[in-house]
Every structure is written in C-alpha cells, then in structure tokens.
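Written out below as structure tokens is the structure these notes cover.
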2 protein chains.
Amino acid sequence: MAEADESILNKGLEGIVVATSEICKIDGANGKLYYRGYSIGDLANGSYEETSYLLIYGRLPNRKELSEFSATLVRERELPKHIVDILMALPNDTNSMEALRTCVSALGHGARDPREVSLEEQTRMGIALVAKFPTIVAYNYRLRNGQQIVAPNPRLGHAANFLYMLFGKEPDQLDARAMDMDFILHAEHSFNASTFATRVTVSTLSDIYSAFTTGIGTLKGPLHGGAALEVSLMLEKIGSPDKVDGYVREVLSGHGRVMGYGHRVYKTYDPRARVLNNMALEISQKRGDMRYYEIAQKLEGIMAGEKNLYPNVDFYSGIVYHHLGMPADINTPIFAIARASGWVAHCVEQYKNNRLIRPLDQYIGPLDLKYTKIDDR
Amino acid sequence: MAEADESILNKGLEGIVVATSEICKIDGANGKLYYRGYSIGDLANGSYEETSYLLIYGRLPNRKELSEFSATLVRERELPKHIVDILMALPNDTNSMEALRTCVSALGHGARDPREVSLEEQTRMGIALVAKFPTIVAYNYRLRNGQQIVAPNPRLGHAANFLYMLFGKEPDQLDARAMDMDFILHAEHSFNASTFATRVTVSTLSDIYSAFTTGIGTLKGPLHGGAALEVSLMLEKIGSPDKVDGYVREVLSGHGRVMGYGHRVYKTYDPRARVLNNMALEISQKRGDMRYYEIAQKLEGIMAGEKNLYPNVDFYSGIVYHHLGMPADINTPIFAIARASGWVAHCVEQYKNNRLIRPLDQYIGPLDLKYTKIDDR
C-alpha cells in the first residue's frame, strides 16, 4: 500500500467549494442563517408554505401567490392508489424513511428524460413531492402500528395536517405552530450531505425522483438525520436536571459525544436552536412539564463553559418533539418532510446550470500485479 | 447577485481528490485501468464472478473460493415474494432502472443501523444485491413486455443466466462470453458520479440499500449511464460506412457531440474500448453483419485525426449490445448490474474509514433582505 499524500487530500470535502448557489447562506462564524437572503429568525414568524415558496421561487409570495401555492400543496397531498397499495404491502418492520425512499422511487416510474422537461415542470414535480412526503410518512406510521390511515384534511396547513394524519386528531394552535416552525427551520441548509447528494444525482441529468430518493437515503444516516432522536434518548437517559453534571463528566471522560452539540459549520450558537429554544420553553410551560427544558438549560451552560460548544438545531427539536408526543422513529422523517423544499430549490438550481460532479480519489493500492492462473493461486 | 469568486470554485469537483482508495486505478494519460492492481486486459480473460470477488475482497480467488462465491451468487439470485409482487404491480411504463431503484429500496426495509452491522455482514448484503440485480432487470423487462418471467437457471454463470432470464433461452458460448466481458469492463471505475454518490450516502452511516438506491438513481442520468444507448442510436442513424464522413461534419459544425467519444479522465484510448473492440469484431464476424463495426472503424479514424478524440467504453459496448439483440432500454441496466460489484467494494471501504462528505457552496445571492408583511409585497 502506497503512502497517502495528505497535501492533496480533501477528506470529506471539508472546506471545498463545489458550486455557486443563491439559495442559502450559513454564516457560521456569526451564527446566522439566511434563506434566499432572509434571516430565518424573520421567516420563523411566517408559515412553512411561505418559506417553501421562497426557497423554490426565490422570493417571498404575495397573498395571492401564497394562497395558490398552499392550494397546490393541498391538492397534491393525496397519493395515487398504487402507492397506497405499496404502503399497505410493506413488511411491518419498514420504517418511515424506508417507506419514503421506496414510495418516492415508485412515484417516479415512467419519469421523462430531464432533458425534455422544462424547469417549470421540474419545479411542479418537486412541489408535488413536498406535498406528498407528510402523507407517506403518516400512512406508513399508522399502517405499521395497526391503525387505519387518516386521509389529509384540506382545511389544514402543511404542518397541522401532518400532525392530524399522524395522530388522527386536529392539533391545537400551539402544537401546529411548533411543528410549522420546526419545518421552517429544517427546510434548508445549503450543501449538507443529503442535499449535496441530490445534486450529484441531478448532475448526471437523472430525474428529480431519483434525486429525492438519493436525498432520503442519505438523510437516513444517523450522522445526518438521526441526531434529534439521539437527543431525545439522551434527555430521557439523564432524567433530571441534577444528573446533568454527572452525565456530562461521564460522557466526556469516556471520549463520548454529548448529542445535539457542535456543528461542522457553526462555531457559535446555531441560529435555528435559538428560535427553537423559545418554542421549547413555550410548549414546556403549556404542558406544565419543565423537566427536559431544565435539563437542556443546565446542559447548555456546562457545555458552553467547559467545551465551548453550543447546541445545534437537533437539540431543541428533541424537546419540542417530546412535547408533541412525536414517536422516536418519526424524528428523521420530519427532517425529510421539511427539507424537501430545499431539495426542490437545489435540484432546479443544478439543472439550470449543470456540470457533472465527478471528483477523484488517490489510489494507494498496488499496481501491475501479475495475473496468475487460478490453479496457481 | 454577487460575483462568483472563480479562484476558490471547484466546479464539478474536477481534479479534487476526495479520499484515498485501494480499489481502482485509472491511468488516464497512458490509457490503463487496474482493479485492485490487476490490469483489466488480464481480468477480461476471467469471469465476472472472479472480478467481482477481486473487487470486493481485494485479491483474486483460488478455485475453491471462486466456486463458493459463485454458488453464493446463484443462491441469492431469487427475489423474495413481496419484491416479485411489487414488480408485477408496477405501471407498464416503468423502465428497468426505475424498477431496480424501487426494488433495491424495498429490499432494504427493516435494515439495521449500520453502526451495528459488521463489515462482513455489509459485504454479504452487498453481494446479495449483486446477485439480484440481473433478476430484477430481467423480470421487469419481461413483465412490461407482457411475457412470463423466466426464473434463474442455477447451472448458468452470472452473465449467461442474465441473458437466459432476459431472452428466455440459453445463450451460445460467444454471446455469454461477450456479456461476461462487458460486465467485467463495467464493474468498476473509481469515483465516477454514481459510485461517489453511493459513498456520500454511506458517509452519513446510512445503510447499503440506501447507497445502492442512490447509485442506481445517479447512474440513470443520460450523462452517465445512458451513453451506450446513444451510441446504438447514432450508429443506426448513420446507417452505412460511406455516410460517416458527412455525419461527423454535420454534427461537429453544429457544435454537437459524437457519442461514445472522449472521457473526462482518459486523454487517450479507453482501455476498456480496446478490449471490447476485439469482441465487437468477433461477434460481428460471427453474425456475418459487419455494418456497425465498419461504421465504427471509420468513425474512429476520423475522430482521431480531426479531433484527437478516442472511443470510450460505451462506443464498442453499443456494437456488442446490438449483436446480442439487447433492447435499447436495457443498456443502462447492464451498466448497473456490472457496477454493483464496484459499489460493494466502495461502500465497504467508506464504512471502514468513514468521514462525512459535506462540501461548501459559494453563496452569491443577496443578504439581509427586509422581511416585509405579506400585504406589503
């Protein structure tokens, strides 16, 4: 095996700039995040539909545009019969990310060659997928738990309807608002692994269903989409605020990681965590159950002081999900539901100005080995 | 919109080295290709099973190992009933890449967290996918053409059995050999877009089924897996050797591309095309139909002389597929069937020494836009 030449290696592509983009700006040093130039602190006051429109079309909608866009999402929520059939036929141990991956792939059968599809049509197909993600996740969840599926309610917004289809009852206003805000904050985050992967798929001029299937399969990995779940499990394990100190010391002394802390890009407080911190407080107060929130506050203080590490978006998401009664295995699917809008924006941007994404590797194996006859081996 | 800073941009990641690897060496300047250190000219004399073993385990098998490995592939060819059910339920306009993408995703339901799966088990799961790819492609092809599916024949090797399941009769020795050789030559090609995409998916520690689904969706793009088909269409369009000259002039004067020529990595003759050139000649002679081969030879001379461009692997594949009677829409699936072995090797290598693949983009949109009330827009 040859020596690796570290000087030309870009492991994990860290710091490597792949393309220009007009979708998302992460200002890691100052802890700021912008979608299409708007601060997410501002956007969090609107709706997921508004943010989705902004990401996809590049500007904020007026009232008429927003209402038409929302109506499109409502109309596209329903699943074709053969997709419902597939969902019903899936083995019971199918998790929602797997169901999403298979159903999105199946929705793309007979897809036309993207070279013959206009960007407007690509966008429409993408929006139809944004609309269908919550339905697929909710149907899969209820089916594998032996419950009847609950058809979408056209009177409800994207977030409220998801909770309705998942739990079978209309959420109250704060719950719907918490879900909506969480969707907004997860809608986009530049070239993270799943979004980058969708762009690699598009870069061969493959279709948008293939790209979304790639995105789902990549987001599924525990290093990417699985972190909010790990946070919930950690908070449950810690159990009470007075046990935080001991927990942190134990984990850090064993070279373990405290979940929901630190980020490759943010070197300071994740701006999404800041918004969700307030929501986590509000929903904890309303529930009259401050335990997780107090554990979180204490943990935050210790981590900032001892490790100079700040919570990322997954951290306060974990608490919000807890209070929404979100089943643990729905955490990553929520991420996918939200991120679908970002994927549409990125796929369309890649189609618009495409270049095949094909890096190199550094070969460090042997060369010119002698091919021997099988009986001489 | 801000100016792009070209000096830090790595468009398409061209020339960027992402990782070390011990699987494949492409010597583009000298037109050489090695799998695990062995020249593909040598490997082409063996079988796809041998090459698959080599790629996956890193060394050539002895007779016992090869026979056990081949038996595993035979055993794993069969599809579970629910996958056959899905294939039967798919809309008739489902092409084989879509069927492959959906079925591989569905095969991965209930996949365990890769952090709990040993590399040996990952390898076994990958080999089972290598075994199943031909069955999925052949079943889908026959079903959508209203034909009965043909179950795998355990007496036949990987390539011969694929032709048998596809066409419903045992291939003769030369046809089986041509298919086998074509599989060997397509089995691996370092970090091309689809393989790189599988590694991005694995880099989040997602499962191998997700990675393969990503690979299929990425290979599906016409800039990647679709080229052999374009070659067949082009040869058909040219029609006869005396029309080559006029065709090339017309295409080049219109700034079009002659299909099957040039490669981002090879600056000289693609070594795979060299091997397939001989096979294309042999099979053309046997068929007593030299038309495509003669067109190809003429085209090669003109392109080398006028453009200093040489045929790539897709070029002579196109002729071999023509003589095998390969349906046009099976060209890309053949590529996937062959490449599956390379994907196993790359996924396992990525799991073994993982690092999240997450590049950056250069944001060139506006910043700090004022969020206005919806009625003010």
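Order determines the names: the first chain of the structure tokens is A, the second B, and so forth; residues in each chain are numbered 1 upward, and ligands are numbered 1 upward as they are shown.
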Since chain A and chain B share a sequence, can you fit the second onto the first over all C-alpha atoms in order and output it as a short mmCIF file (atom, residue, chain, number, x, y, z; two decimals) with C-alpha atoms, in the first residue's frame?
data_model
loop_
_atom_site.label_atom_id
_atom_site.label_comp_id
_atom_site.auth_asym_id
_atom_site.auth_seq_id
_atom_site.Cartn_x
_atom_site.Cartn_y
_atom_site.Cartn_z
CA MET B 1 -0.02 0.01 0.02
CA ALA B 2 1.39 3.38 -1.00
CA GLU B 3 1.59 6.34 1.36
CA ALA B 4 -1.29 8.78 1.16
CA ASP B 5 -0.27 12.25 0.01
CA GLU B 6 -2.14 14.30 2.59
CA SER B 7 -1.29 17.56 0.87
CA ILE B 8 -3.72 16.97 -1.98
CA LEU B 9 -6.37 15.13 0.01
CA ASN B 10 -9.65 16.86 0.80
CA LYS B 11 -11.18 14.41 3.23
CA GLY B 12 -14.93 14.75 3.48
CA LEU B 13 -14.60 17.70 1.08
CA GLU B 14 -14.28 19.90 4.16
CA GLY B 15 -13.75 23.48 3.07
CA ILE B 16 -14.04 22.64 -0.62
CA VAL B 17 -16.33 24.95 -2.59
CA VAL B 18 -18.25 22.94 -5.19
CA ALA B 19 -20.54 25.47 -6.82
CA THR B 20 -22.11 28.87 -6.55
CA SER B 21 -25.61 28.96 -5.18
CA GLU B 22 -28.31 31.54 -4.52
CA ILE B 23 -30.36 29.55 -2.05
CA CYS B 24 -28.88 29.56 1.41
CA LYS B 25 -26.20 31.44 3.29
CA ILE B 26 -24.79 30.00 6.49
CA ASP B 27 -22.71 32.51 8.39
CA GLY B 28 -21.11 30.01 10.74
CA ALA B 29 -18.83 32.50 12.48
CA ASN B 30 -21.68 34.81 13.43
CA GLY B 31 -24.34 32.16 13.87
CA LYS B 32 -26.62 33.45 11.16
CA LEU B 33 -28.68 31.60 8.56
CA TYR B 34 -30.44 33.10 5.56
CA TYR B 35 -32.82 31.53 3.05
CA ARG B 36 -32.70 33.49 -0.21
CA GLY B 37 -31.32 36.45 1.72
CA TYR B 38 -33.91 36.46 4.53
CA SER B 39 -32.90 35.74 8.10
CA ILE B 40 -34.54 32.58 9.43
CA GLY B 41 -35.42 34.47 12.60
CA ASP B 42 -37.82 36.53 10.47
CA LEU B 43 -39.04 33.61 8.40
CA ALA B 44 -39.89 31.63 11.52
CA ASN B 45 -42.75 34.10 12.06
CA GLY B 46 -44.35 33.04 8.78
CA SER B 47 -45.51 29.62 7.64
CA TYR B 48 -43.76 26.64 6.10
CA GLU B 49 -45.74 27.27 2.94
CA GLU B 50 -44.27 30.77 2.73
CA THR B 51 -40.72 29.50 3.30
CA SER B 52 -41.24 26.72 0.79
CA TYR B 53 -42.39 29.23 -1.83
CA LEU B 54 -39.44 31.48 -1.04
CA LEU B 55 -36.91 28.65 -1.35
CA ILE B 56 -38.38 27.31 -4.57
CA TYR B 57 -39.21 30.55 -6.39
CA GLY B 58 -36.51 32.76 -4.89
CA ARG B 59 -38.77 35.49 -3.49
CA LEU B 60 -41.49 35.93 -0.89
CA PRO B 61 -45.02 35.36 -2.17
CA ASN B 62 -47.75 37.96 -2.03
CA ARG B 63 -51.11 36.92 -0.59
CA LYS B 64 -52.49 35.60 -3.86
CA GLU B 65 -49.35 33.64 -4.70
CA LEU B 66 -49.20 32.11 -1.24
CA SER B 67 -52.80 31.10 -1.35
CA GLU B 68 -52.39 29.47 -4.77
CA PHE B 69 -49.22 27.72 -3.68
CA SER B 70 -50.88 26.42 -0.51
CA ALA B 71 -53.82 25.18 -2.57
CA THR B 72 -51.41 23.29 -4.84
CA LEU B 73 -49.81 21.63 -1.83
CA VAL B 74 -53.26 20.62 -0.54
CA ARG B 75 -54.27 19.23 -3.92
CA GLU B 76 -51.07 17.22 -4.30
CA ARG B 77 -51.23 15.62 -0.84
CA GLU B 78 -53.22 12.62 -1.97
CA LEU B 79 -51.28 9.52 -3.02
CA PRO B 80 -52.05 7.52 -6.18
CA LYS B 81 -53.72 4.20 -5.44
CA HIS B 82 -50.70 2.06 -6.40
CA ILE B 83 -48.56 3.95 -3.87
CA VAL B 84 -51.11 3.32 -1.12
CA ASP B 85 -51.10 -0.34 -2.22
CA ILE B 86 -47.31 -0.49 -1.89
CA LEU B 87 -47.51 1.11 1.57
CA MET B 88 -50.08 -1.46 2.62
CA ALA B 89 -47.99 -4.35 1.28
CA LEU B 90 -44.75 -3.33 3.01
CA PRO B 91 -43.35 -5.53 5.77
CA ASN B 92 -44.27 -4.28 9.26
CA ASP B 93 -40.67 -3.50 10.17
CA THR B 94 -40.46 -0.88 7.39
CA ASN B 95 -39.55 2.44 8.97
CA SER B 96 -40.80 5.73 7.58
CA MET B 97 -37.54 6.70 5.89
CA GLU B 98 -37.56 3.39 4.03
CA ALA B 99 -41.21 3.81 3.10
CA LEU B 100 -40.47 7.33 1.90
CA ARG B 101 -37.48 6.15 -0.15
CA THR B 102 -39.44 3.33 -1.81
CA CYS B 103 -42.61 5.37 -2.43
CA VAL B 104 -40.76 8.35 -3.89
CA SER B 105 -38.89 5.97 -6.17
CA ALA B 106 -42.17 4.34 -7.18
CA LEU B 107 -43.80 7.74 -7.79
CA GLY B 108 -41.06 8.35 -10.35
CA HIS B 109 -41.82 5.43 -12.62
CA GLY B 110 -42.17 6.47 -16.20
CA ALA B 111 -40.38 9.75 -15.48
CA ARG B 112 -39.40 11.57 -18.63
CA ASP B 113 -35.83 12.31 -19.62
CA PRO B 114 -35.01 15.56 -17.76
CA ARG B 115 -33.51 16.98 -20.95
CA GLU B 116 -37.07 17.13 -22.26
CA VAL B 117 -38.60 18.60 -19.12
CA SER B 118 -38.76 22.36 -18.57
CA LEU B 119 -37.57 23.87 -15.31
CA GLU B 120 -41.18 24.88 -14.61
CA GLU B 121 -42.25 21.25 -14.87
CA GLN B 122 -39.33 20.07 -12.71
CA THR B 123 -40.46 22.61 -10.14
CA ARG B 124 -44.05 21.38 -10.26
CA MET B 125 -42.94 17.75 -9.86
CA GLY B 126 -40.79 18.77 -6.92
CA ILE B 127 -43.66 20.66 -5.26
CA ALA B 128 -45.88 17.60 -5.66
CA LEU B 129 -43.25 15.60 -3.75
CA VAL B 130 -43.10 18.24 -1.00
CA ALA B 131 -46.88 17.85 -0.70
CA LYS B 132 -46.77 14.04 -0.57
CA PHE B 133 -43.96 13.50 1.96
CA PRO B 134 -46.16 14.02 5.06
CA THR B 135 -48.85 11.71 3.69
CA ILE B 136 -46.37 8.89 3.03
CA VAL B 137 -44.81 9.24 6.47
CA ALA B 138 -48.15 9.40 8.31
CA TYR B 139 -49.68 6.51 6.34
CA ASN B 140 -46.64 4.31 6.91
CA TYR B 141 -46.61 5.14 10.61
CA ARG B 142 -50.25 4.28 11.16
CA LEU B 143 -50.19 1.15 9.01
CA ARG B 144 -47.19 -0.36 10.76
CA ASN B 145 -48.87 0.36 14.09
CA GLY B 146 -52.05 -1.40 13.03
CA GLN B 147 -54.07 1.82 12.75
CA GLN B 148 -56.39 3.00 9.99
CA ILE B 149 -54.84 5.64 7.74
CA VAL B 150 -56.23 9.17 8.12
CA ALA B 151 -56.73 10.99 4.82
CA PRO B 152 -55.39 14.55 4.54
CA ASN B 153 -57.65 17.35 5.75
CA PRO B 154 -57.77 20.10 3.12
CA ARG B 155 -58.72 22.74 5.69
CA LEU B 156 -55.39 22.35 7.49
CA GLY B 157 -51.98 23.77 6.60
CA HIS B 158 -48.94 21.64 5.82
CA ALA B 159 -47.76 21.24 9.43
CA ALA B 160 -51.16 20.94 11.11
CA ASN B 161 -52.32 18.43 8.54
CA PHE B 162 -49.23 16.30 9.12
CA LEU B 163 -50.00 16.12 12.86
CA TYR B 164 -53.63 15.38 12.02
CA MET B 165 -52.76 12.49 9.66
CA LEU B 166 -50.21 11.13 12.13
CA PHE B 167 -52.26 11.29 15.33
CA GLY B 168 -55.79 11.18 13.92
CA LYS B 169 -56.91 14.39 15.61
CA GLU B 170 -56.58 18.08 14.87
CA PRO B 171 -53.67 19.66 16.74
CA ASP B 172 -54.24 22.75 18.89
CA GLN B 173 -52.80 26.04 17.73
CA LEU B 174 -49.52 25.92 19.67
CA ASP B 175 -48.71 22.36 18.57
CA ALA B 176 -49.42 23.22 14.94
CA ARG B 177 -47.27 26.35 15.31
CA ALA B 178 -44.41 24.38 16.86
CA MET B 179 -44.48 21.85 14.02
CA ASP B 180 -44.69 24.63 11.44
CA MET B 181 -41.72 26.47 12.95
CA ASP B 182 -39.69 23.27 13.13
CA PHE B 183 -40.41 22.61 9.43
CA ILE B 184 -39.31 26.17 8.55
CA LEU B 185 -36.03 25.79 10.46
CA HIS B 186 -35.24 22.43 8.80
CA ALA B 187 -36.29 23.44 5.29
CA GLU B 188 -32.82 24.22 3.99
CA HIS B 189 -29.16 24.19 4.95
CA SER B 190 -27.04 24.62 1.82
CA PHE B 191 -24.80 21.74 0.72
CA ASN B 192 -25.22 19.34 3.60
CA ALA B 193 -24.68 15.67 2.74
CA SER B 194 -28.22 14.85 1.61
CA THR B 195 -28.68 18.00 -0.44
CA PHE B 196 -25.24 17.65 -1.97
CA ALA B 197 -26.10 14.03 -2.81
CA THR B 198 -29.30 15.12 -4.60
CA ARG B 199 -27.15 17.50 -6.67
CA VAL B 200 -24.70 14.73 -7.56
CA THR B 201 -27.65 12.65 -8.80
CA VAL B 202 -29.07 15.57 -10.79
CA SER B 203 -25.62 16.27 -12.22
CA THR B 204 -25.89 13.16 -14.42
CA LEU B 205 -29.19 14.68 -15.63
CA SER B 206 -31.09 11.99 -13.82
CA ASP B 207 -34.70 12.77 -12.85
CA ILE B 208 -35.94 14.60 -9.76
CA TYR B 209 -37.46 11.41 -8.27
CA SER B 210 -34.03 9.78 -8.38
CA ALA B 211 -32.55 12.85 -6.73
CA PHE B 212 -35.14 12.84 -3.94
CA THR B 213 -34.65 9.09 -3.43
CA THR B 214 -30.94 9.79 -3.03
CA GLY B 215 -31.68 12.61 -0.60
CA ILE B 216 -33.89 10.41 1.57
CA GLY B 217 -31.40 7.54 1.64
CA THR B 218 -28.60 9.93 2.57
CA LEU B 219 -30.57 11.81 5.23
CA LYS B 220 -31.44 8.43 6.76
CA GLY B 221 -27.91 8.02 8.10
CA PRO B 222 -27.53 8.53 11.84
CA LEU B 223 -24.68 11.04 11.32
CA HIS B 224 -27.09 13.26 9.42
CA GLY B 225 -30.81 12.99 10.06
CA GLY B 226 -30.72 10.85 13.15
CA ALA B 227 -29.47 13.35 15.69
CA ALA B 228 -32.76 14.71 17.11
CA LEU B 229 -33.69 11.19 18.09
CA GLU B 230 -30.36 10.75 19.88
CA VAL B 231 -31.08 13.96 21.79
CA SER B 232 -34.46 12.67 22.98
CA LEU B 233 -32.86 9.41 24.08
CA MET B 234 -30.11 11.30 25.89
CA LEU B 235 -32.54 13.60 27.75
CA GLU B 236 -34.56 10.55 28.75
CA LYS B 237 -31.41 8.86 29.98
CA ILE B 238 -30.27 11.87 32.01
CA GLY B 239 -33.70 11.98 33.62
CA SER B 240 -33.43 15.08 35.84
CA PRO B 241 -31.50 18.39 36.00
CA ASP B 242 -29.40 17.32 38.98
CA LYS B 243 -27.96 14.42 36.99
CA VAL B 244 -26.64 16.58 34.13
CA ASP B 245 -23.27 17.24 35.71
CA GLY B 246 -22.49 13.59 36.29
CA TYR B 247 -23.69 12.63 32.83
CA VAL B 248 -21.51 15.17 31.03
CA ARG B 249 -18.42 14.18 33.03
CA GLU B 250 -18.99 10.52 32.36
CA VAL B 251 -19.51 11.00 28.62
CA LEU B 252 -16.58 13.35 28.14
CA SER B 253 -14.18 11.26 30.22
CA GLY B 254 -15.03 8.27 28.01
CA HIS B 255 -14.36 10.36 24.87
CA GLY B 256 -18.06 10.11 24.05
CA ARG B 257 -20.14 12.89 22.49
CA VAL B 258 -22.94 14.88 24.03
CA MET B 259 -25.68 14.73 21.40
CA GLY B 260 -27.04 17.89 19.80
CA TYR B 261 -23.86 19.90 20.40
CA GLY B 262 -21.45 21.37 17.91
CA HIS B 263 -21.71 21.58 14.13
CA ARG B 264 -19.19 21.42 11.32
CA VAL B 265 -20.28 24.84 10.09
CA TYR B 266 -21.48 26.79 13.15
CA LYS B 267 -18.70 27.75 15.50
CA THR B 268 -21.17 29.57 17.73
CA TYR B 269 -24.85 29.25 18.67
CA ASP B 270 -26.87 27.59 15.87
CA PRO B 271 -29.45 30.28 14.97
CA ARG B 272 -32.09 27.61 14.50
CA ALA B 273 -31.53 26.37 18.03
CA ARG B 274 -32.07 29.91 19.28
CA VAL B 275 -35.54 30.09 17.72
CA LEU B 276 -36.46 26.57 18.84
CA ASN B 277 -35.22 27.26 22.36
CA ASN B 278 -38.05 29.80 22.76
CA MET B 279 -40.57 27.38 21.31
CA ALA B 280 -39.31 24.58 23.56
CA LEU B 281 -39.81 26.86 26.57
CA GLU B 282 -43.31 27.88 25.50
CA ILE B 283 -44.50 24.36 24.86
CA SER B 284 -42.88 23.03 28.05
CA GLN B 285 -44.68 25.71 30.07
CA LYS B 286 -47.98 24.96 28.42
CA ARG B 287 -47.58 21.26 29.16
CA GLY B 288 -46.57 22.09 32.73
CA ASP B 289 -43.59 19.78 32.28
CA MET B 290 -40.30 21.64 32.52
CA ARG B 291 -38.05 18.64 33.14
CA TYR B 292 -36.47 18.29 29.67
CA TYR B 293 -36.18 22.03 29.25
CA GLU B 294 -34.42 22.39 32.58
CA ILE B 295 -32.05 19.54 31.76
CA ALA B 296 -31.36 21.27 28.45
CA GLN B 297 -30.62 24.64 30.06
CA LYS B 298 -28.25 23.10 32.54
CA LEU B 299 -26.51 21.09 29.85
CA GLU B 300 -26.14 24.20 27.71
CA GLY B 301 -24.39 26.07 30.51
CA ILE B 302 -21.95 23.26 31.20
CA MET B 303 -21.14 22.62 27.54
CA ALA B 304 -20.55 26.32 26.81
CA GLY B 305 -18.31 26.68 29.83
CA GLU B 306 -16.30 23.50 29.57
CA LYS B 307 -16.17 22.71 25.87
CA ASN B 308 -17.07 25.99 24.18
CA LEU B 309 -19.74 24.01 22.31
CA TYR B 310 -23.25 25.26 21.62
CA PRO B 311 -26.49 23.45 20.91
CA ASN B 312 -27.38 22.77 17.29
CA VAL B 313 -30.86 22.60 15.78
CA ASP B 314 -31.34 18.98 16.81
CA PHE B 315 -31.01 19.81 20.46
CA TYR B 316 -34.15 21.90 20.98
CA SER B 317 -36.00 19.98 18.26
CA GLY B 318 -35.66 16.96 20.51
CA ILE B 319 -37.54 18.74 23.30
CA VAL B 320 -40.24 20.10 21.00
CA TYR B 321 -40.78 16.61 19.53
CA HIS B 322 -41.05 15.17 23.02
CA HIS B 323 -43.87 17.55 23.89
CA LEU B 324 -45.61 16.98 20.58
CA GLY B 325 -45.70 13.29 21.51
CA MET B 326 -43.69 12.56 18.40
CA PRO B 327 -42.77 8.87 18.13
CA ALA B 328 -38.99 8.49 18.18
CA ASP B 329 -38.86 6.96 14.70
CA ILE B 330 -40.61 9.99 13.17
CA ASN B 331 -37.80 12.44 14.02
CA THR B 332 -35.76 11.83 10.88
CA PRO B 333 -38.84 11.70 8.60
CA ILE B 334 -39.82 15.17 9.92
CA PHE B 335 -36.41 16.39 8.78
CA ALA B 336 -37.07 14.89 5.33
CA ILE B 337 -40.56 16.42 5.12
CA ALA B 338 -39.14 19.86 5.90
CA ARG B 339 -36.02 19.56 3.73
CA ALA B 340 -38.00 18.53 0.66
CA SER B 341 -38.47 22.23 -0.22
CA GLY B 342 -34.74 22.84 -0.09
CA TRP B 343 -34.16 19.84 -2.32
CA VAL B 344 -36.55 21.23 -4.94
CA ALA B 345 -34.65 24.51 -4.95
CA HIS B 346 -31.25 22.76 -5.21
CA CYS B 347 -32.32 20.29 -7.90
CA VAL B 348 -33.73 23.10 -10.05
CA GLU B 349 -30.60 25.22 -9.52
CA GLN B 350 -28.42 22.26 -10.51
CA TYR B 351 -30.49 21.53 -13.65
CA LYS B 352 -30.31 25.21 -14.56
CA ASN B 353 -26.52 25.35 -14.57
CA ASN B 354 -25.40 21.76 -14.65
CA ARG B 355 -21.98 20.24 -14.56
CA LEU B 356 -21.29 16.57 -13.85
CA ILE B 357 -19.97 16.16 -10.30
CA ARG B 358 -17.07 13.74 -10.51
CA PRO B 359 -14.17 14.06 -8.09
CA LEU B 360 -11.01 11.96 -7.95
CA ASP B 361 -9.60 9.54 -5.45
CA GLN B 362 -5.99 8.98 -4.57
CA TYR B 363 -5.15 5.36 -5.33
CA ILE B 364 -2.87 3.91 -2.70
CA GLY B 365 -3.10 0.20 -3.58
CA PRO B 366 -0.61 -1.91 -5.52
CA LEU B 367 -0.10 -1.66 -9.29
CA ASP B 368 0.85 -4.06 -12.06
CA LEU B 369 0.14 -7.22 -10.09
CA LYS B 370 0.76 -10.39 -12.04
CA TYR B 371 -2.45 -12.17 -13.02
CA THR B 372 -1.83 -15.80 -12.17
CA LYS B 373 -3.74 -18.85 -13.30
CA ILE B 374 -6.39 -19.88 -10.84
CA ASP B 375 -4.66 -23.15 -9.95
CA ASP B 376 -1.49 -21.25 -9.08
CA ARG B 377 -3.20 -19.14 -6.43
#
What are the DSSP helix (DSSP H, G or I) residues of segment 116-165 of chain B, as a PyMOL selection string? chain B and resi 116+119-144+158-165
